[in-house]
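Raw coords-v3.txt, compact mmCIF, C-alpha atoms:
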# COMPACT_ATOMS: atom_id res chain seq x y z
CA THR R 1 -31.44 -2.98 -6.98
CA LEU R 2 -29.12 -0.29 -5.63
CA THR R 3 -25.47 -1.09 -6.32
CA TRP R 4 -23.38 -0.62 -3.19
CA VAL R 5 -19.97 1.06 -3.23
CA GLN R 6 -18.00 1.16 0.02
CA ASP R 7 -17.57 4.69 1.43
CA SER R 8 -19.64 6.08 -1.44
CA THR R 9 -23.24 4.87 -1.51
CA LEU R 10 -23.40 6.21 2.03
CA ASP R 11 -20.50 8.55 2.75
CA GLY R 12 -18.19 6.92 5.28
CA TRP R 13 -20.20 3.66 5.50
CA TYR R 14 -19.11 0.06 4.89
CA ARG R 15 -20.64 -3.42 5.03
CA ASN R 16 -19.10 -6.87 4.64
CA TYR R 17 -19.80 -10.55 5.08
CA SER R 18 -17.18 -13.18 5.89
CA GLY R 19 -17.25 -16.94 5.68
CA GLY R 20 -19.06 -17.10 2.36
CA THR R 21 -17.76 -18.77 -0.79
CA VAL R 22 -19.69 -16.78 -3.41
CA ASN R 23 -20.81 -13.21 -3.94
CA GLU R 24 -24.57 -13.15 -4.11
CA PRO R 25 -26.95 -10.23 -4.63
CA GLY R 26 -27.53 -8.63 -1.26
CA ARG R 27 -24.26 -9.93 0.15
CA ASP R 28 -21.13 -8.57 -1.47
CA SER R 29 -22.39 -7.19 -4.75
CA SER R 30 -25.38 -4.99 -4.04
CA LEU R 31 -27.78 -3.49 -1.57
CA GLN R 32 -31.24 -4.82 -2.25
CA THR R 33 -34.61 -3.14 -1.99
CA THR R 34 -37.01 -5.70 -0.59
CA THR R 35 -39.72 -6.81 -3.01
CA SER R 36 -42.41 -6.70 -0.32
CA PRO R 37 -41.57 -3.74 1.92
CA SER R 38 -45.10 -3.38 3.26
CA SER R 39 -44.87 -6.82 4.88
CA GLY R 40 -41.18 -7.13 5.64
CA VAL R 41 -38.13 -8.73 4.10
CA THR R 42 -38.51 -11.70 1.78
CA SER R 43 -36.62 -14.97 2.27
CA GLN R 44 -33.37 -13.68 0.71
CA ASP R 45 -30.43 -12.94 2.96
CA GLY R 46 -27.92 -10.15 2.72
CA PHE R 47 -27.92 -6.39 3.20
CA LEU R 48 -31.26 -4.78 2.45
CA ASN R 49 -32.59 -1.28 1.88
CA VAL R 50 -36.00 -1.64 3.53
CA GLY R 51 -39.04 0.56 3.95
CA VAL R 52 -42.78 0.80 3.41
CA ASP R 53 -44.18 1.30 -0.10
CA GLY R 54 -44.83 4.92 -0.92
CA THR R 55 -42.57 6.38 1.78
CA THR R 56 -38.98 7.63 1.87
CA ASP R 57 -38.27 6.30 5.37
CA ARG R 58 -35.71 3.53 4.97
CA ALA R 59 -33.69 1.28 7.26
CA LEU R 60 -30.41 -0.54 6.61
CA VAL R 61 -31.13 -4.21 7.36
CA MET R 62 -28.97 -7.34 7.51
CA ARG R 63 -30.29 -10.88 7.28
CA ARG R 64 -27.30 -13.17 7.58
CA ALA R 65 -26.97 -16.61 6.03
CA TYR R 66 -26.30 -19.62 8.27
CA SER R 67 -22.58 -19.84 7.53
CA LEU R 68 -21.74 -16.14 7.55
CA GLU R 69 -21.08 -13.30 9.93
CA GLY R 70 -21.61 -9.74 8.87
CA ALA R 71 -21.38 -6.11 9.89
CA PHE R 72 -22.15 -2.62 8.67
CA GLY R 73 -21.16 0.75 10.04
CA LEU R 74 -19.19 3.95 9.59
CA VAL R 75 -15.73 5.45 10.06
CA LEU R 76 -15.19 9.03 11.27
CA GLU R 77 -11.99 11.05 11.30
CA ASN R 78 -11.16 13.49 14.11
CA GLY R 79 -10.20 16.72 12.39
CA THR R 80 -10.83 19.02 15.35
CA GLY R 81 -7.18 19.78 16.06
CA GLY R 82 -7.69 18.40 19.56
CA GLU R 83 -8.60 15.28 21.48
CA VAL R 84 -12.09 13.78 21.55
CA THR R 85 -12.83 12.05 24.85
CA GLY R 86 -15.92 10.08 23.88
CA PHE R 87 -19.15 9.91 21.93
CA THR R 88 -22.86 9.51 22.58
CA LEU R 89 -24.87 7.21 20.31
CA GLY R 90 -28.47 6.05 20.11
CA TYR R 91 -30.63 4.43 17.45
CA THR R 92 -33.77 2.42 16.78
CA GLY R 93 -33.39 -1.29 16.09
CA GLU R 94 -35.98 -2.75 13.72
CA GLN R 95 -36.86 -6.36 12.88
CA TRP R 96 -38.16 -6.89 9.35
CA ARG R 97 -38.38 -10.69 9.37
CA ARG R 98 -38.49 -13.46 11.95
CA GLN R 99 -37.27 -16.98 11.36
CA GLY R 100 -36.57 -19.15 14.37
CA THR R 101 -37.21 -19.52 18.08
CA ASP R 102 -33.82 -18.22 19.25
CA ALA R 103 -33.20 -14.50 19.66
CA THR R 104 -30.27 -13.03 17.72
CA SER R 105 -28.59 -9.66 18.11
CA LEU R 106 -26.97 -6.74 16.42
CA TYR R 107 -24.02 -5.81 18.62
CA LEU R 108 -22.77 -2.22 18.67
CA GLU R 109 -18.97 -2.13 18.67
CA TYR R 110 -16.33 0.55 18.15
CA ALA R 111 -12.62 0.83 17.41
CA VAL R 112 -10.10 3.69 17.49
CA VAL R 113 -7.28 3.50 14.94
CA ALA R 114 -4.41 5.74 13.91
CA SER R 115 -4.88 5.22 10.17
CA HIS R 116 -7.65 4.04 7.85
CA ASP R 117 -7.54 2.84 4.24
CA SER R 118 -11.01 3.18 2.77
CA GLY R 119 -10.03 1.24 -0.34
CA THR R 120 -9.18 -2.00 1.46
CA PHE R 121 -11.15 -1.78 4.72
CA ASP R 122 -13.20 -4.84 5.72
CA ILE R 123 -15.52 -3.98 8.58
CA VAL R 124 -15.81 -7.63 9.67
CA GLU R 125 -12.15 -8.66 9.50
CA ASP R 126 -10.21 -5.47 10.27
CA TYR R 127 -9.50 -3.64 13.55
CA THR R 128 -9.92 -4.68 17.18
CA TRP R 129 -13.43 -3.93 18.41
CA THR R 130 -14.92 -3.09 21.80
CA ARG R 131 -18.55 -4.07 22.42
CA VAL R 132 -21.03 -1.74 24.15
CA ASP R 133 -23.55 -4.04 25.83
CA ALA R 134 -26.04 -1.24 26.53
CA LEU R 135 -26.37 -0.61 22.78
CA GLU R 136 -27.18 -4.20 21.77
CA PHE R 137 -30.37 -4.75 19.76
CA VAL R 138 -32.00 -8.13 20.47
CA SER R 139 -34.65 -9.41 18.07
CA PRO R 140 -38.02 -8.74 19.74
CA ARG R 141 -40.01 -11.21 17.63
CA LEU R 142 -39.50 -14.99 17.50
CA GLY R 143 -41.37 -17.72 15.68
CA SER R 144 -42.23 -19.03 12.25
CA ASN R 145 -40.70 -17.67 9.07
CA THR R 146 -42.61 -14.52 8.15
CA GLY R 147 -42.02 -10.93 7.12
CA LEU R 148 -42.57 -8.10 9.59
CA ARG R 149 -42.99 -4.37 9.30
CA GLY R 150 -40.02 -3.17 11.27
CA ASP R 151 -41.39 0.32 11.76
CA LEU R 152 -44.31 -0.94 13.89
CA VAL R 153 -43.97 -0.65 17.65
CA ASP R 154 -44.00 -4.43 18.34
CA ASN R 155 -41.16 -4.99 15.88
CA ARG R 156 -38.77 -2.25 16.95
CA THR R 157 -36.76 -1.17 20.00
CA VAL R 158 -35.64 2.37 20.72
CA ILE R 159 -32.08 2.17 22.04
CA ALA R 160 -31.60 5.20 24.28
CA PRO R 161 -28.40 7.21 23.74
CA VAL R 162 -25.39 5.90 25.66
CA THR R 163 -22.17 7.81 26.32
CA VAL R 164 -18.98 5.89 25.57
CA ASN R 165 -15.73 7.20 27.03
CA THR R 166 -12.84 6.67 24.63
CA THR R 167 -9.96 8.85 23.45
CA VAL R 168 -9.71 9.76 19.76
CA GLY R 169 -6.67 11.89 19.07
CA ASP R 170 -6.50 14.56 16.38
CA GLY R 171 -6.15 12.81 13.03
CA GLU R 172 -7.23 9.43 14.41
CA PHE R 173 -10.32 7.52 13.32
CA LEU R 174 -13.38 6.29 15.21
CA ALA R 175 -15.05 3.25 13.62
CA ILE R 176 -18.54 2.16 14.68
CA ARG R 177 -20.23 -1.02 13.54
CA TRP R 178 -23.28 -3.21 14.06
CA TYR R 179 -22.09 -6.82 14.04
CA GLN R 180 -24.10 -10.03 13.72
CA ASP R 181 -22.46 -13.40 14.23
CA ARG R 182 -23.72 -16.98 13.98
CA THR R 183 -24.72 -17.28 17.64
CA ASP R 184 -28.00 -16.70 19.43
CA SER R 185 -28.44 -14.20 22.27
CA ALA R 186 -27.15 -16.83 24.74
CA GLY R 187 -23.91 -17.20 22.78
CA VAL R 188 -24.73 -20.64 21.36
CA ASP R 189 -23.08 -21.11 17.96
CA GLY R 190 -24.91 -22.31 14.89
CA THR R 191 -28.40 -21.07 15.72
CA ALA R 192 -30.99 -21.77 13.06
CA SER R 193 -32.64 -18.37 13.59
CA ARG R 194 -32.21 -15.96 10.69
CA HIS R 195 -33.95 -12.78 11.76
CA ALA R 196 -33.64 -9.67 9.59
CA LEU R 197 -32.40 -6.89 11.87
CA GLY R 198 -31.73 -3.28 10.98
CA VAL R 199 -30.92 0.22 12.16
CA ASP R 200 -32.93 3.40 11.79
CA SER R 201 -32.86 6.91 13.30
CA MET R 202 -29.23 6.73 14.37
CA SER R 203 -27.70 9.75 16.09
CA VAL R 204 -24.11 10.28 17.21
CA ALA R 205 -22.37 13.21 18.89
CA MET R 206 -18.73 13.72 19.85
CA ILE R 207 -17.51 14.75 23.32
CA PRO R 208 -16.58 17.55 23.61
CA GLU R 209 -18.75 18.74 20.76
CA PRO R 210 -16.70 20.61 18.15
CA ALA R 211 -17.54 24.27 17.68
CA THR R 212 -18.56 23.48 14.11
CA MET R 213 -19.93 20.01 13.50
CA THR R 214 -19.82 18.62 9.98
CA LEU R 215 -21.24 15.41 11.36
CA MET R 216 -24.87 14.66 10.62
CA ALA R 217 -26.55 11.30 11.06
CA SER R 218 -30.17 10.35 10.54
CA LEU R 219 -31.52 7.10 9.21
CA GLY R 220 -35.05 8.50 9.30
CA GLY R 221 -34.75 9.93 5.79
CA ALA R 222 -34.40 8.37 2.38
CA LEU R 223 -31.37 6.56 3.74
CA LEU R 224 -28.52 8.32 5.52
CA PHE R 225 -26.18 11.22 4.92
CA LEU R 226 -23.06 11.46 7.03
CA ARG R 227 -19.84 13.38 6.57
CA ARG R 228 -16.84 11.31 7.61
CA ARG R 229 -14.87 14.16 9.15
CA PHE R 230 -15.72 16.30 12.16
CA THR R 231 -13.84 19.57 12.64
CA THR R 232 -13.65 22.66 14.80
So that I can check it, write out the structure of this file as structure tokens.
Amino acid sequence: TLTWVQDSTLDGWYRNYSGGTVNEPGRDSSLQTTTSPSSGVTSQDGFLNVGVDGTTDRALVMRRAYSLEGAFGLVLENGTGGEVTGFTLGYTGEQWRRQGTDATSLYLEYAVVASHDSGTFDIVEDYTWTRVDALEFVSPRLGSNTGLRGDLVDNRTVIAPVTVNTTVGDGEFLAIRWYQDRTDSAGVDGTASRHALGVDSMSVAMIPEPATMTLMASLGGALLFLRRRFTT
């Protein structure tokens, strides 16, 4: 078990559930390493640190409970001394468990805010978010309850980089999250499907690109290292 600390376990990263009544391992108290990584996520829900035995390639995975909605993501501060006019983002979506006949999604959303309190921030409840439909990851595998190896081609989708035009002033913050609600891909609430969906090999670049970037993002390694501030 890897204990999760907001904005610390992964620099600049957060994850939260809402709608739950208790804190359970893998939800609000810790980030779990799956007990059977070679065959996918077990039946537990929550936030999971998933990979194949004997490798350092890991993915950040969320398997939500029926009554909850959840999100994970990062917050970046514009320290360039000038205005950022957008960003380009791409990633690989991976499915590490299937459970149900309805497809569910991880939705990529962003927010621009003037101030950010890392000590109190809730990535589900706080800020007003804008969804980027072209960056949605829809579960590719449906069917009976079974673990999957998310790094195999049939269980993953490469989401090509998309450019998002948005203004982030000097000193403002850009928040990016992957959000999963209780609906299926058709927007029907209360779906019984509980697929385990995650993110790997994420890349993000600011527009215009600062002369000196202290922004690095790669989920292809042991987990992810990312500085929260980009500067000139």
- Length of the CA of Asp7 in chain R to CA of Thr120 in chain R vector [Å]: 10.7 Å
Contact residues around Tyr107 in chain R with only C-alpha atoms at 6 Å, ignoring same-chain residues under 6 positions, as a PDB file with C-alpha atoms, in the frame of the given file:
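Final file, selection.pdb:
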ATOM      1  CA  GLU R 136     -27.180  -4.200  21.770  1.00  0.00           C
ATOM      2  CA  TRP R 178     -23.280  -3.210  14.060  1.00  0.00           C
ATOM      3  CA  TYR R 179     -22.090  -6.820  14.040  1.00  0.00           C
TER       4      TYR R 179
END
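If you look at CA of Gly51 in chain R and CA of Thr104 in chain R, they are 21.2 Å away from each other.
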- Message: So that I can see what lies close to Ser105 in chain R, please list as a ChimeraX atom specification the residues with an atom at most 9 Å from it, counting only C-alpha atoms and leaving out residues fewer than 2 positions away in the same chain.
- Response: /R:103,107,136-139,179-181,183-185,195,197
Just write the chosen residues, C-alpha atoms, as a JSON list (two decimals), in the coordinates of the input.
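Output file part-v4.json is given in full below:
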[["chain", "number", "residue", "atom", "x", "y", "z"],
["R", 103, "ALA", "CA", -33.20, -14.50, 19.66],
["R", 107, "TYR", "CA", -24.02, -5.81, 18.62],
["R", 136, "GLU", "CA", -27.18, -4.20, 21.77],
["R", 137, "PHE", "CA", -30.37, -4.75, 19.76],
["R", 138, "VAL", "CA", -32.00, -8.13, 20.47],
["R", 139, "SER", "CA", -34.65, -9.41, 18.07],
["R", 179, "TYR", "CA", -22.09, -6.82, 14.04],
["R", 180, "GLN", "CA", -24.10, -10.03, 13.72],
["R", 181, "ASP", "CA", -22.46, -13.40, 14.23],
["R", 183, "THR", "CA", -24.72, -17.28, 17.64],
["R", 184, "ASP", "CA", -28.00, -16.70, 19.43],
["R", 185, "SER", "CA", -28.44, -14.20, 22.27],
["R", 195, "HIS", "CA", -33.95, -12.78, 11.76],
["R", 197, "LEU", "CA", -32.40, -6.89, 11.87]]
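Compared by their closest atoms to Gly73 in chain R, and using only C-alpha atoms, the residues R:Asn165, R:Gln6, R:Thr128, R:Asn155 rank with R:Gln6 nearest.
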- Within 8 Å of Val61 in chain R, counting all atoms listed in the file, which residues show up once you throw out same-chain ones fewer than 4 positions away? Write them as a ChimeraX atom specification, please. /R:47-50,96,196-199
- Task: Check the smallest atom-to-atom distance from each of R:Met202, R:Leu174, R:Ala114, R:Leu106 to Arg64 in chain R using only C-alpha atoms, then report the winner.
- Result: R:Leu106
- Message: When you look at Val113 in chain R with a cut-off of 9 Å (counting only C-alpha atoms), what residues show up, excluding the ones that are within fewer than 5 positions of it in the same chain? I need them as JSON, numbers by chain.
- Response: {"R": [127, 128, 168, 172, 173, 174, 175]}
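When CA of Ser201 in chain R is paired with CA of Ala186 in chain R, their separation reads 27.0 Å.
The closest residue to Tyr91 in chain R, picked from R:Val41, R:Ala160, R:Val188, R:Ile207 and counting all atoms listed in the file, is R:Ala160.
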- The residue from R:Thr42, R:Thr3, R:Thr92, R:Asn78 with the smallest atom-to-atom distance to Asp151 in chain R, counting all atoms listed in the file, is R:Thr92
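Restricting the calculation to all atoms listed in the file, the smallest distance between Trp13 in chain R and any of R:Gly119, R:Gly150, R:Pro161, R:Pro208 is found for R:Gly119.
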My structure is short of atoms at range 178-189 of chain R; please model all heavy atoms there, returning them as a short mmCIF file (atom, residue, chain, number, x, y, z; two decimals), in the coordinates of the input.
data_model
loop_
_atom_site.label_atom_id
_atom_site.label_comp_id
_atom_site.auth_asym_id
_atom_site.auth_seq_id
_atom_site.Cartn_x
_atom_site.Cartn_y
_atom_site.Cartn_z
N TRP R 178 -22.29 -2.27 13.54
CA TRP R 178 -23.28 -3.21 14.06
C TRP R 178 -22.90 -4.58 13.51
O TRP R 178 -22.84 -4.78 12.30
CB TRP R 178 -24.68 -2.82 13.59
CG TRP R 178 -25.24 -1.64 14.33
CD1 TRP R 178 -26.04 -1.67 15.43
CD2 TRP R 178 -25.02 -0.26 14.03
NE1 TRP R 178 -26.33 -0.38 15.83
CE2 TRP R 178 -25.72 0.50 15.00
CE3 TRP R 178 -24.30 0.42 13.05
CZ2 TRP R 178 -25.73 1.89 14.99
CZ3 TRP R 178 -24.30 1.80 13.04
CH2 TRP R 178 -25.00 2.52 14.01
N TYR R 179 -22.66 -5.52 14.41
CA TYR R 179 -22.09 -6.82 14.04
C TYR R 179 -23.09 -7.92 14.39
O TYR R 179 -23.72 -7.90 15.46
CB TYR R 179 -20.79 -7.03 14.80
CG TYR R 179 -20.24 -8.43 14.76
CD1 TYR R 179 -19.60 -8.92 13.63
CD2 TYR R 179 -20.34 -9.27 15.88
CE1 TYR R 179 -19.08 -10.21 13.60
CE2 TYR R 179 -19.83 -10.55 15.85
CZ TYR R 179 -19.20 -11.01 14.72
OH TYR R 179 -18.70 -12.29 14.69
N GLN R 180 -23.24 -8.87 13.47
CA GLN R 180 -24.10 -10.03 13.72
C GLN R 180 -23.32 -11.29 13.42
O GLN R 180 -22.81 -11.48 12.31
CB GLN R 180 -25.37 -9.98 12.85
CG GLN R 180 -26.40 -11.04 13.24
CD GLN R 180 -27.68 -10.93 12.42
OE1 GLN R 180 -27.64 -10.61 11.24
NE2 GLN R 180 -28.81 -11.19 13.05
N ASP R 181 -23.21 -12.17 14.44
CA ASP R 181 -22.46 -13.40 14.23
C ASP R 181 -23.43 -14.58 14.06
O ASP R 181 -24.61 -14.39 13.82
CB ASP R 181 -21.47 -13.64 15.38
CG ASP R 181 -22.15 -13.77 16.73
OD1 ASP R 181 -23.38 -13.96 16.78
OD2 ASP R 181 -21.45 -13.69 17.75
N ARG R 182 -22.90 -15.78 14.20
CA ARG R 182 -23.72 -16.98 13.98
C ARG R 182 -24.33 -17.52 15.27
O ARG R 182 -24.89 -18.61 15.28
CB ARG R 182 -22.87 -18.06 13.32
CG ARG R 182 -22.40 -17.70 11.93
CD ARG R 182 -21.63 -18.84 11.29
NE ARG R 182 -20.39 -19.12 11.96
CZ ARG R 182 -19.22 -18.54 11.65
NH1 ARG R 182 -19.16 -17.65 10.70
NH2 ARG R 182 -18.12 -18.84 12.30
N THR R 183 -24.22 -16.78 16.37
CA THR R 183 -24.72 -17.28 17.64
C THR R 183 -26.07 -16.65 17.99
O THR R 183 -26.45 -15.61 17.46
CB THR R 183 -23.73 -16.99 18.79
OG1 THR R 183 -23.64 -15.58 18.97
CG2 THR R 183 -22.37 -17.55 18.46
N ASP R 184 -26.77 -17.30 18.92
CA ASP R 184 -28.00 -16.70 19.43
C ASP R 184 -27.65 -15.77 20.58
O ASP R 184 -26.49 -15.56 20.93
CB ASP R 184 -29.00 -17.77 19.84
CG ASP R 184 -28.49 -18.69 20.94
OD1 ASP R 184 -27.57 -18.28 21.68
OD2 ASP R 184 -29.01 -19.81 21.06
N SER R 185 -28.67 -15.19 21.22
CA SER R 185 -28.44 -14.20 22.27
C SER R 185 -27.78 -14.81 23.51
O SER R 185 -27.24 -14.08 24.34
CB SER R 185 -29.75 -13.52 22.66
OG SER R 185 -30.68 -14.49 23.12
N ALA R 186 -27.81 -16.15 23.62
CA ALA R 186 -27.15 -16.83 24.74
C ALA R 186 -25.72 -17.23 24.40
O ALA R 186 -25.02 -17.85 25.20
CB ALA R 186 -27.95 -18.06 25.15
N GLY R 187 -25.27 -16.89 23.18
CA GLY R 187 -23.91 -17.20 22.78
C GLY R 187 -23.72 -18.59 22.24
O GLY R 187 -22.59 -19.06 22.10
N VAL R 188 -24.81 -19.28 21.90
CA VAL R 188 -24.73 -20.64 21.36
C VAL R 188 -24.49 -20.55 19.86
O VAL R 188 -25.25 -19.90 19.13
CB VAL R 188 -26.01 -21.42 21.66
CG1 VAL R 188 -25.92 -22.82 21.04
CG2 VAL R 188 -26.23 -21.52 23.17
N ASP R 189 -23.44 -21.20 19.37
CA ASP R 189 -23.08 -21.11 17.96
C ASP R 189 -24.00 -21.96 17.10
O ASP R 189 -24.53 -22.99 17.53
CB ASP R 189 -21.63 -21.57 17.77
CG ASP R 189 -21.13 -21.30 16.36
OD1 ASP R 189 -21.40 -20.20 15.85
OD2 ASP R 189 -20.49 -22.19 15.79
#
